[in-house]
>>> print(open('query_39.cif').read())   # mmCIF, C-alpha atoms
data_work
#
loop_
_atom_site.label_atom_id
_atom_site.label_comp_id
_atom_site.auth_asym_id
_atom_site.auth_seq_id
_atom_site.Cartn_x
_atom_site.Cartn_y
_atom_site.Cartn_z
CA MET S 182 109.47 199.00 236.47
CA THR S 183 106.38 199.34 234.32
CA THR S 184 102.90 200.32 235.52
CA GLY S 185 101.67 196.79 234.89
CA LEU S 186 104.31 195.32 237.19
CA LEU S 187 103.44 197.92 239.83
CA PHE S 188 99.80 196.80 239.64
CA ALA S 189 100.87 193.17 240.07
CA LEU S 190 103.03 194.00 243.11
CA THR S 191 100.15 195.98 244.66
CA GLY S 192 97.97 192.94 244.03
CA VAL S 193 100.44 190.74 245.95
CA VAL S 194 100.34 193.13 248.92
CA LEU S 195 96.51 193.23 248.86
CA PHE S 196 96.33 189.43 248.65
CA ALA S 197 98.69 188.96 251.60
CA ALA S 198 96.88 191.61 253.67
CA GLY S 199 93.51 190.03 252.87
CA ALA S 200 94.75 186.53 253.72
CA ALA S 201 96.15 187.72 257.06
CA ALA S 202 92.90 189.53 257.88
CA LEU S 203 90.86 186.45 256.94
CA LEU S 204 92.78 184.43 259.52
CA LEU S 205 92.85 187.12 262.21
CA VAL S 206 89.36 188.67 262.33
CA ASP S 207 86.34 186.86 263.77
CA HIS S 208 83.40 188.94 262.59
CA LEU S 209 81.96 187.25 259.50
CA LEU S 210 81.29 190.51 257.65
CA ARG S 211 84.95 191.45 258.05
CA ARG S 212 85.95 188.00 256.82
CA VAL S 213 83.88 188.49 253.67
CA LEU S 214 85.55 191.87 253.18
CA ALA S 215 88.98 190.31 253.68
CA PHE S 216 88.14 187.60 251.18
CA ASN S 217 87.07 190.24 248.66
CA ILE S 218 90.35 192.10 249.15
CA MET S 219 92.20 188.82 248.47
CA GLY S 220 90.18 188.40 245.28
CA SER S 221 90.90 191.95 244.16
CA GLY S 222 94.59 191.31 244.74
CA ALA S 223 94.49 188.14 242.64
CA CYS S 224 92.71 190.00 239.81
CA LEU S 225 95.27 192.81 239.99
CA VAL S 226 98.14 190.29 239.72
CA LEU S 227 96.50 188.59 236.74
CA VAL S 228 95.85 191.80 234.79
CA GLY S 229 99.01 193.64 235.86
CA LEU S 230 101.36 190.77 235.15
CA ALA S 231 99.88 190.21 231.69
CA GLN S 232 100.63 193.82 230.69
CA ARG S 233 103.99 194.19 232.40
CA ASN S 234 105.72 194.88 229.08
CA GLY S 235 103.30 197.72 228.40
CA VAL S 236 100.90 196.02 225.98
CA PRO S 237 97.54 194.99 227.51
CA ASP S 238 96.42 191.38 226.98
CA PRO S 239 92.66 190.97 226.43
CA VAL S 240 92.53 187.33 227.55
CA PRO S 241 93.30 187.89 231.27
CA GLN S 242 91.18 191.04 231.17
CA ALA S 243 88.17 189.02 230.05
CA MET S 244 88.89 186.37 232.72
CA VAL S 245 89.09 189.04 235.42
CA LEU S 246 85.83 190.58 234.18
CA THR S 247 84.18 187.17 234.60
CA GLY S 248 85.85 186.78 237.98
CA ILE S 249 84.55 190.12 239.26
CA VAL S 250 80.94 189.22 238.45
CA VAL S 251 81.31 185.79 240.09
CA ALA S 252 82.91 187.43 243.14
CA VAL S 253 79.93 189.78 243.48
CA ALA S 254 77.54 186.82 243.36
CA ALA S 255 79.60 184.87 245.89
CA THR S 256 79.67 187.90 248.20
CA GLY S 257 75.88 188.21 247.96
CA LEU S 258 75.49 184.53 248.85
CA ALA S 259 77.90 184.90 251.77
CA LEU S 260 75.97 187.91 253.09
CA ALA S 261 72.70 185.98 252.81
CA LEU S 262 74.21 183.11 254.81
CA ILE S 263 75.52 185.55 257.45
CA ARG S 264 72.06 187.12 257.79
CA ARG S 265 70.47 183.70 258.15
CA LEU S 266 73.00 182.80 260.85
CA HIS S 267 72.34 186.09 262.61
CA ALA S 268 68.56 185.68 262.37
CA GLN S 269 68.69 182.17 263.79
CA THR S 270 71.40 182.38 266.45
CA GLY S 271 72.12 186.10 266.90
CA ALA S 272 75.80 185.36 266.32
CA THR S 273 78.04 187.26 263.92
CA THR S 274 81.02 184.93 264.34
CA LEU S 275 81.46 181.23 263.75
CA PRO S 276 81.59 179.03 266.85
CA ARG S 277 85.16 178.19 267.83
CA ASP S 278 86.28 174.61 267.24
CA GLY S 279 88.21 172.77 269.90
CA ALA S 280 87.05 175.05 272.72
CA ASP S 281 86.13 171.94 274.70
CA ASN S 282 89.26 170.01 273.67
CA ASP S 283 91.70 172.41 275.29
CA MET U 140 100.88 185.23 269.42
CA LYS U 141 98.57 184.13 266.61
CA ARG U 142 98.43 187.72 265.37
CA PHE U 143 102.24 187.89 265.24
CA ALA U 144 102.63 184.52 263.50
CA VAL U 145 99.97 185.24 260.86
CA SER U 146 101.33 188.74 260.16
CA ALA U 147 104.87 187.39 259.83
CA ALA U 148 103.72 184.61 257.50
CA ALA U 149 101.73 187.06 255.33
CA LEU U 150 104.67 189.47 255.19
CA GLY U 151 107.05 186.65 254.28
CA PHE U 152 104.66 185.40 251.60
CA ALA U 153 104.32 188.91 250.13
CA PHE U 154 108.11 189.43 250.03
CA TRP U 155 108.69 186.00 248.49
CA LEU U 156 106.04 186.56 245.81
CA ILE U 157 107.24 190.10 245.05
CA SER U 158 110.82 188.91 244.58
CA ALA U 159 109.52 186.14 242.32
CA LEU U 160 107.52 188.66 240.25
CA LEU U 161 110.51 190.98 239.93
CA ASN U 162 112.68 188.14 238.54
CA LEU U 163 110.03 186.71 236.24
CA PRO U 164 111.29 185.56 232.83
CA ALA U 165 109.58 186.83 229.68
CA THR U 166 106.30 185.09 228.81
CA LEU U 167 106.66 181.93 226.73
CA ILE U 168 103.10 181.93 225.42
CA ASP U 169 101.68 185.06 223.90
CA LEU U 170 98.02 184.82 222.94
CA ARG U 171 97.79 188.33 221.52
CA PRO U 172 98.82 187.55 217.91
CA LEU U 173 96.51 184.51 217.89
CA LEU U 174 93.66 186.65 219.13
CA ALA U 175 94.40 189.46 216.66
CA GLU U 176 94.17 186.84 213.91
CA ALA U 177 90.81 185.61 215.19
CA ILE U 178 89.21 189.05 215.65
CA PRO U 179 88.05 189.57 212.02
CA LYS U 180 85.99 186.36 212.09
CA SER U 181 84.82 186.66 215.72
CA GLY U 182 81.86 188.89 214.88
CA VAL U 183 82.96 191.77 217.13
CA ALA U 184 85.79 194.28 216.86
CA HIS U 185 86.76 194.61 220.53
CA PRO U 186 89.20 191.92 221.75
CA VAL U 187 87.79 191.60 225.31
CA THR U 188 84.25 191.04 223.99
CA ALA U 189 85.63 188.58 221.44
CA VAL U 190 87.33 186.60 224.22
CA LEU U 191 84.27 186.67 226.47
CA LEU U 192 81.69 185.57 223.94
CA ASN U 193 83.59 183.77 221.23
CA THR U 194 87.00 182.29 221.98
CA ARG U 195 86.30 181.73 225.69
CA GLY U 196 82.53 181.43 225.50
CA TYR U 197 82.64 178.55 227.99
CA ASP U 198 83.65 180.90 230.79
CA THR U 199 80.76 183.26 230.18
CA LEU U 200 78.23 180.44 229.77
CA LEU U 201 79.28 178.88 233.06
CA GLU U 202 79.48 182.27 234.73
CA ILE U 203 75.80 183.04 234.18
CA ALA U 204 75.02 179.54 235.48
CA VAL U 205 77.12 180.23 238.60
CA LEU U 206 75.24 183.50 239.13
CA LEU U 207 71.90 181.70 238.92
CA VAL U 208 73.10 179.10 241.44
CA ALA U 209 74.23 181.90 243.78
CA LEU U 210 70.83 183.57 243.51
CA ILE U 211 69.07 180.27 244.23
CA GLY U 212 71.37 179.91 247.23
CA VAL U 213 70.31 183.36 248.45
CA LEU U 214 66.65 182.38 248.04
CA ILE U 215 67.24 179.24 250.09
CA ALA U 216 69.20 181.07 252.80
CA VAL U 217 66.60 183.82 253.10
CA PRO U 218 63.13 182.32 252.71
CA PRO U 219 60.57 184.75 251.25
CA GLY U 220 58.65 186.65 253.88
CA ASN U 221 61.16 185.90 256.64
CA PRO U 222 59.77 188.08 259.45
CA ALA U 223 63.19 188.57 261.00
CA LEU U 224 64.32 190.50 257.97
CA SER U 225 61.43 192.96 257.59
CA GLU U 226 61.66 195.01 260.75
CA ARG U 227 62.48 198.32 259.16
CA PRO U 228 60.57 199.93 256.27
CA ALA U 229 62.60 201.26 253.38
CA THR U 230 62.54 205.02 253.80
CA ALA U 231 64.12 207.96 252.10
CA ASP U 232 63.58 210.96 254.34
CA ASP U 233 64.94 213.50 251.90
CA ALA U 234 62.61 214.63 249.12
CA MET U 235 65.61 215.15 246.84
CA VAL U 236 66.57 211.46 246.77
CA PRO U 237 63.39 210.08 245.14
CA ALA U 238 63.30 213.02 242.72
CA LEU U 239 66.91 212.39 241.72
CA ALA U 240 66.30 208.64 241.43
CA ARG U 241 63.37 209.27 239.07
CA LEU U 242 65.72 211.37 236.93
CA VAL U 243 68.66 208.96 237.03
CA ALA U 244 66.85 205.66 236.40
CA PRO U 245 65.78 206.35 232.77
CA LEU U 246 69.22 207.77 232.03
CA ALA U 247 70.77 204.60 233.45
CA VAL U 248 68.64 202.47 231.12
CA PHE U 249 69.69 204.64 228.19
CA PHE U 250 73.36 204.45 229.20
CA ALA U 251 73.15 200.67 229.68
CA ILE U 252 71.83 200.24 226.14
CA TYR U 253 74.69 202.39 224.85
CA VAL U 254 77.28 200.39 226.81
CA LEU U 255 75.82 197.13 225.50
CA TRP U 256 75.99 198.36 221.92
CA ALA U 257 79.47 199.82 222.40
CA GLY U 258 80.79 196.43 223.58
CA ALA U 259 81.17 195.29 219.97
CA HIS U 260 83.96 197.74 219.21
CA ARG U 261 85.16 199.44 222.42
CA PRO U 262 85.21 198.74 226.16
CA GLY U 263 81.69 197.86 227.23
CA GLY U 264 79.39 194.89 226.87
CA ALA U 265 76.83 192.81 228.70
CA PHE U 266 78.45 192.80 232.16
CA GLN U 267 78.92 196.54 232.39
CA ALA U 268 75.44 197.25 231.01
CA ALA U 269 73.95 194.77 233.49
CA ALA U 270 75.80 196.40 236.39
CA ILE U 271 74.39 199.81 235.41
CA LEU U 272 70.83 198.43 235.15
CA ALA U 273 71.16 196.62 238.49
CA ALA U 274 72.46 199.81 240.10
CA ALA U 275 69.40 201.67 238.78
CA LEU U 276 67.08 199.03 240.28
CA VAL U 277 68.86 199.21 243.64
CA LEU U 278 68.76 203.02 243.55
CA LEU U 279 64.99 203.00 242.95
CA HIS U 280 64.58 200.73 245.96
CA LEU U 281 66.86 202.78 248.22
CA ALA U 282 64.98 205.93 247.24
CA GLY U 283 61.78 204.30 248.47
CA LEU U 284 60.17 204.15 245.03
CA THR U 285 60.01 200.38 244.57
CA ALA U 286 59.51 197.60 247.08
CA ALA U 287 62.08 194.92 247.74
CA TRP U 288 61.42 191.61 246.03
CA SER U 289 59.64 189.17 248.30
CA ALA U 290 59.38 186.03 246.17
CA PRO U 291 60.27 185.70 242.51
CA THR U 292 57.15 185.92 240.36
CA LEU U 293 56.80 183.96 237.13
CA ARG U 294 57.83 186.99 235.08
CA LEU U 295 60.91 187.54 237.21
CA ARG U 296 61.83 183.86 237.01
CA ILE U 297 61.63 183.97 233.21
CA GLY U 298 63.78 187.12 233.15
CA LEU U 299 66.35 185.58 235.48
CA ILE U 300 66.84 182.45 233.42
CA ALA U 301 66.27 183.85 229.89
CA GLY U 302 69.89 184.95 229.38
CA PHE U 303 71.25 181.55 230.34
CA LEU U 304 68.71 179.65 228.22
CA ILE U 305 69.26 181.84 225.15
CA PHE U 306 73.04 181.45 225.48
CA LEU U 307 72.72 177.70 226.06
CA ALA U 308 70.41 177.26 223.08
CA ILE U 309 72.74 179.16 220.73
CA ALA U 310 75.79 177.37 222.18
CA ALA U 311 74.25 173.91 221.91
CA ALA U 312 72.57 174.33 218.50
CA PRO U 313 75.80 173.58 216.54
CA LEU U 314 76.15 170.24 218.40
CA LEU U 315 74.02 168.67 215.63
CA GLY U 316 76.89 168.98 213.19
CA GLY U 317 79.83 170.53 215.01
CA MET U 318 81.15 171.57 218.39
CA LEU U 319 79.72 173.42 221.36
CA LEU U 320 79.84 177.20 220.96
CA GLN U 321 80.79 176.98 217.28
CA TYR U 322 78.80 179.86 215.85
CA PRO U 323 77.91 179.81 212.13
CA PRO U 324 80.31 182.33 210.52
CA ALA U 325 77.61 184.19 208.61
CA LEU U 326 75.50 184.92 211.68
CA VAL U 327 78.16 185.32 214.34
CA GLY U 328 77.75 189.09 214.86
CA THR U 329 73.96 188.89 215.23
CA LEU U 330 74.12 185.84 217.50
CA ILE U 331 76.59 187.54 219.84
CA LEU U 332 74.32 190.60 220.02
CA VAL U 333 71.32 188.36 220.86
CA ILE U 334 73.34 186.52 223.53
CA GLU U 335 74.62 189.79 224.99
CA SER U 336 71.13 191.33 225.14
CA GLY U 337 69.77 188.28 226.95
CA LEU U 338 72.78 188.22 229.28
CA THR U 339 72.34 191.92 230.09
CA ILE U 340 68.74 191.47 231.25
CA SER U 341 69.40 188.29 233.21
CA LEU U 342 72.63 189.53 234.79
CA ALA U 343 70.96 192.80 235.80
CA LEU U 344 68.07 190.93 237.42
CA VAL U 345 70.43 188.50 239.19
CA LEU U 346 72.69 191.28 240.48
CA ALA U 347 69.72 193.38 241.59
CA GLY U 348 68.11 190.29 243.10
CA LEU U 349 71.18 189.61 245.22
CA PHE U 350 70.47 192.98 246.83
CA LEU U 351 66.68 193.29 246.63
CA LEU U 352 65.90 189.78 247.87
CA LEU U 353 68.02 190.52 250.96
CA ALA U 354 66.71 194.05 251.49
CA ASP U 355 64.19 195.01 254.13
CA ARG U 356 60.70 194.65 252.78
CA GLY U 357 59.09 197.90 253.71
CA GLY U 358 56.22 199.92 252.34
CA VAL U 359 56.36 201.65 248.98
CA ARG U 360 56.04 205.38 248.85
#
>>> encode(input="query_39.cif", output="structure tokens")
Amino acid sequence: MTTGLLFALTGVVLFAAGAAALLLVDHLLRRVLAFNIMGSGACLVLVGLAQRNGVPDPVPQAMVLTGIVVAVAATGLALALIRRLHAQTGATTLPRDGADND
Amino acid sequence: MKRFAVSAAALGFAFWLISALLNLPATLIDLRPLLAEAIPKSGVAHPVTAVLLNTRGYDTLLEIAVLLVALIGVLIAVPPGNPALSERPATADDAMVPALARLVAPLAVFFAIYVLWAGAHRPGGAFQAAAILAAALVLLHLAGLTAAWSAPTLRLRIGLIAGFLIFLAIAAAPLLGGMLLQYPPALVGTLILVIESGLTISLALVLAGLFLLLADRGGVR
């Protein structure tokens, strides 16, 4: 097993853990964190898999670099939306759907 | 019950994907030789920079547009002067923090310029330089030396959009007789440096703005 493959496998674990957390936690800040962990896992898979035979590939590296910057911007936007929600309603979680259907 | 089901599904997904990765066949498409061929005429010597600004210039052009849209979204979500967000003044109680910030900020600018220049032939480039500059701006604010940004002034607006407009102008100029993002071979190195300098400033302002437009607007020391 090469280091690159190990990175990719770690990325899979991070992605799965982030996805599970996204579904399980209610606090919006934690959801944003979980989503970021999913994104980091995806980036790790992309970069690690591309260099699994030991030679780094610049193309996925450049894509991941772009992805990181976009992820930072998306996180900032998500935090702004959470603050707006908190300022207007005082809530830090989304209202539950179907509470009145059950 | 939900906790158990989700955990089991995530665990199953991870195991399935890991077993798939372990049995992956060798890659059919290898872009590395193609890229190595293109490097001499790409205007830069470092492959990642060549991919970002030359062979996959689309990605970078759209990326800076996405960042601008995200910043506009932040401005819409948090209207300037929102009283709910300015309860606490920005304070740094320790005298060491502002002193250190004054020392670090010029060094950060210096280092950012080096990283930008280094991007042509070694790891570095516009994104990393912009991240360093944005970190310096955030540090100055956290140390209580600069105020948070309330509403973008005209100068700030120009700075925010300059990188995108410069890149767009250089990318669209060849449309008169060629294709989008087809740089003239004689000027390619200079054009990439111009694009990267513009991107550095705009990216730094956008990244810092994502923080400083959301920060508490307190008094300046």
>>> interface_residues(input="query_39.cif", of="chain U", to="chain S", cutoff="8 Å", atoms="only C-alpha atoms", output="CSV table (one decimal) with C-alpha atoms, in the frame of the given file")
chain,number,residue,atom,x,y,z
U,141,LYS,CA,98.6,184.1,266.6
U,142,ARG,CA,98.4,187.7,265.4
U,145,VAL,CA,100.0,185.2,260.9
U,146,SER,CA,101.3,188.7,260.2
U,149,ALA,CA,101.7,187.1,255.3
U,150,LEU,CA,104.7,189.5,255.2
U,152,PHE,CA,104.7,185.4,251.6
U,153,ALA,CA,104.3,188.9,250.1
U,156,LEU,CA,106.0,186.6,245.8
U,157,ILE,CA,107.2,190.1,245.0
U,160,LEU,CA,107.5,188.7,240.2
U,170,LEU,CA,98.0,184.8,222.9
U,171,ARG,CA,97.8,188.3,221.5
U,186,PRO,CA,89.2,191.9,221.8
U,187,VAL,CA,87.8,191.6,225.3
U,188,THR,CA,84.2,191.0,224.0
U,190,VAL,CA,87.3,186.6,224.2
U,191,LEU,CA,84.3,186.7,226.5
U,198,ASP,CA,83.6,180.9,230.8
U,199,THR,CA,80.8,183.3,230.2
U,202,GLU,CA,79.5,182.3,234.7
U,205,VAL,CA,77.1,180.2,238.6
U,206,LEU,CA,75.2,183.5,239.1
U,209,ALA,CA,74.2,181.9,243.8
U,210,LEU,CA,70.8,183.6,243.5
U,212,GLY,CA,71.4,179.9,247.2
U,213,VAL,CA,70.3,183.4,248.4
U,216,ALA,CA,69.2,181.1,252.8
U,217,VAL,CA,66.6,183.8,253.1
U,223,ALA,CA,63.2,188.6,261.0
U,224,LEU,CA,64.3,190.5,258.0
U,266,PHE,CA,78.4,192.8,232.2
U,346,LEU,CA,72.7,191.3,240.5
U,349,LEU,CA,71.2,189.6,245.2
U,350,PHE,CA,70.5,193.0,246.8
U,353,LEU,CA,68.0,190.5,251.0
>>> resolve_selection(input="query_39.cif", expression="the PyMOL selection byres ((chain U and resi 238-253) around 8)", output="PyMOL selection string")
chain U and resi 234-237+254-257+267-269+271-272+275-276+278-279+282
>>> closest_residue(input="query_39.cif", among="S:Val213, S:His208, S:Gln232, S:Ser221", to="Asp169 (chain U)", atoms="only C-alpha atoms")
S:Gln232
>>> atom_distance(input="query_39.cif", atom1="CA of Val327 (chain U)", atom2="CA of Phe306 (chain U)")
12.9 Å
>>> residues_near_point(input="query_39.cif", point="(64.1, 193.7, 244.2)", cutoff="6 Å", atoms="all atoms listed in the file", output="list in words")
Ala287, Trp288, Gly348, Leu351 and Leu352 of chain U
>>> residues_around(input="query_39.cif", residues="region 311-325 of chain U", least_positions_apart="3", cutoff="8 Å", atoms="only C-alpha atoms", output="PyMOL selection string")
chain U and resi 180+193+196-197+307-308+328+330
>>> write_last_selection(input="query_39.cif", atoms="C-alpha atoms", output="PDB file, in the frame of the given file")
ATOM      1  CA  LYS U 180      85.990 186.360 212.090  1.00  0.00           C
ATOM      2  CA  ASN U 193      83.590 183.770 221.230  1.00  0.00           C
ATOM      3  CA  GLY U 196      82.530 181.430 225.500  1.00  0.00           C
ATOM      4  CA  TYR U 197      82.640 178.550 227.990  1.00  0.00           C
ATOM      5  CA  LEU U 307      72.720 177.700 226.060  1.00  0.00           C
ATOM      6  CA  ALA U 308      70.410 177.260 223.080  1.00  0.00           C
ATOM      7  CA  GLY U 328      77.750 189.090 214.860  1.00  0.00           C
ATOM      8  CA  LEU U 330      74.120 185.840 217.500  1.00  0.00           C
TER       9      LEU U 330
END
>>> atom_distance(input="query_39.cif", atom1="CA of Leu304 (chain U)", atom2="CA of Leu207 (chain U)")
11.4 Å
>>> atom_distance(input="query_39.cif", atom1="CA of Leu225 (chain S)", atom2="CA of Ala274 (chain U)")
23.9 Å
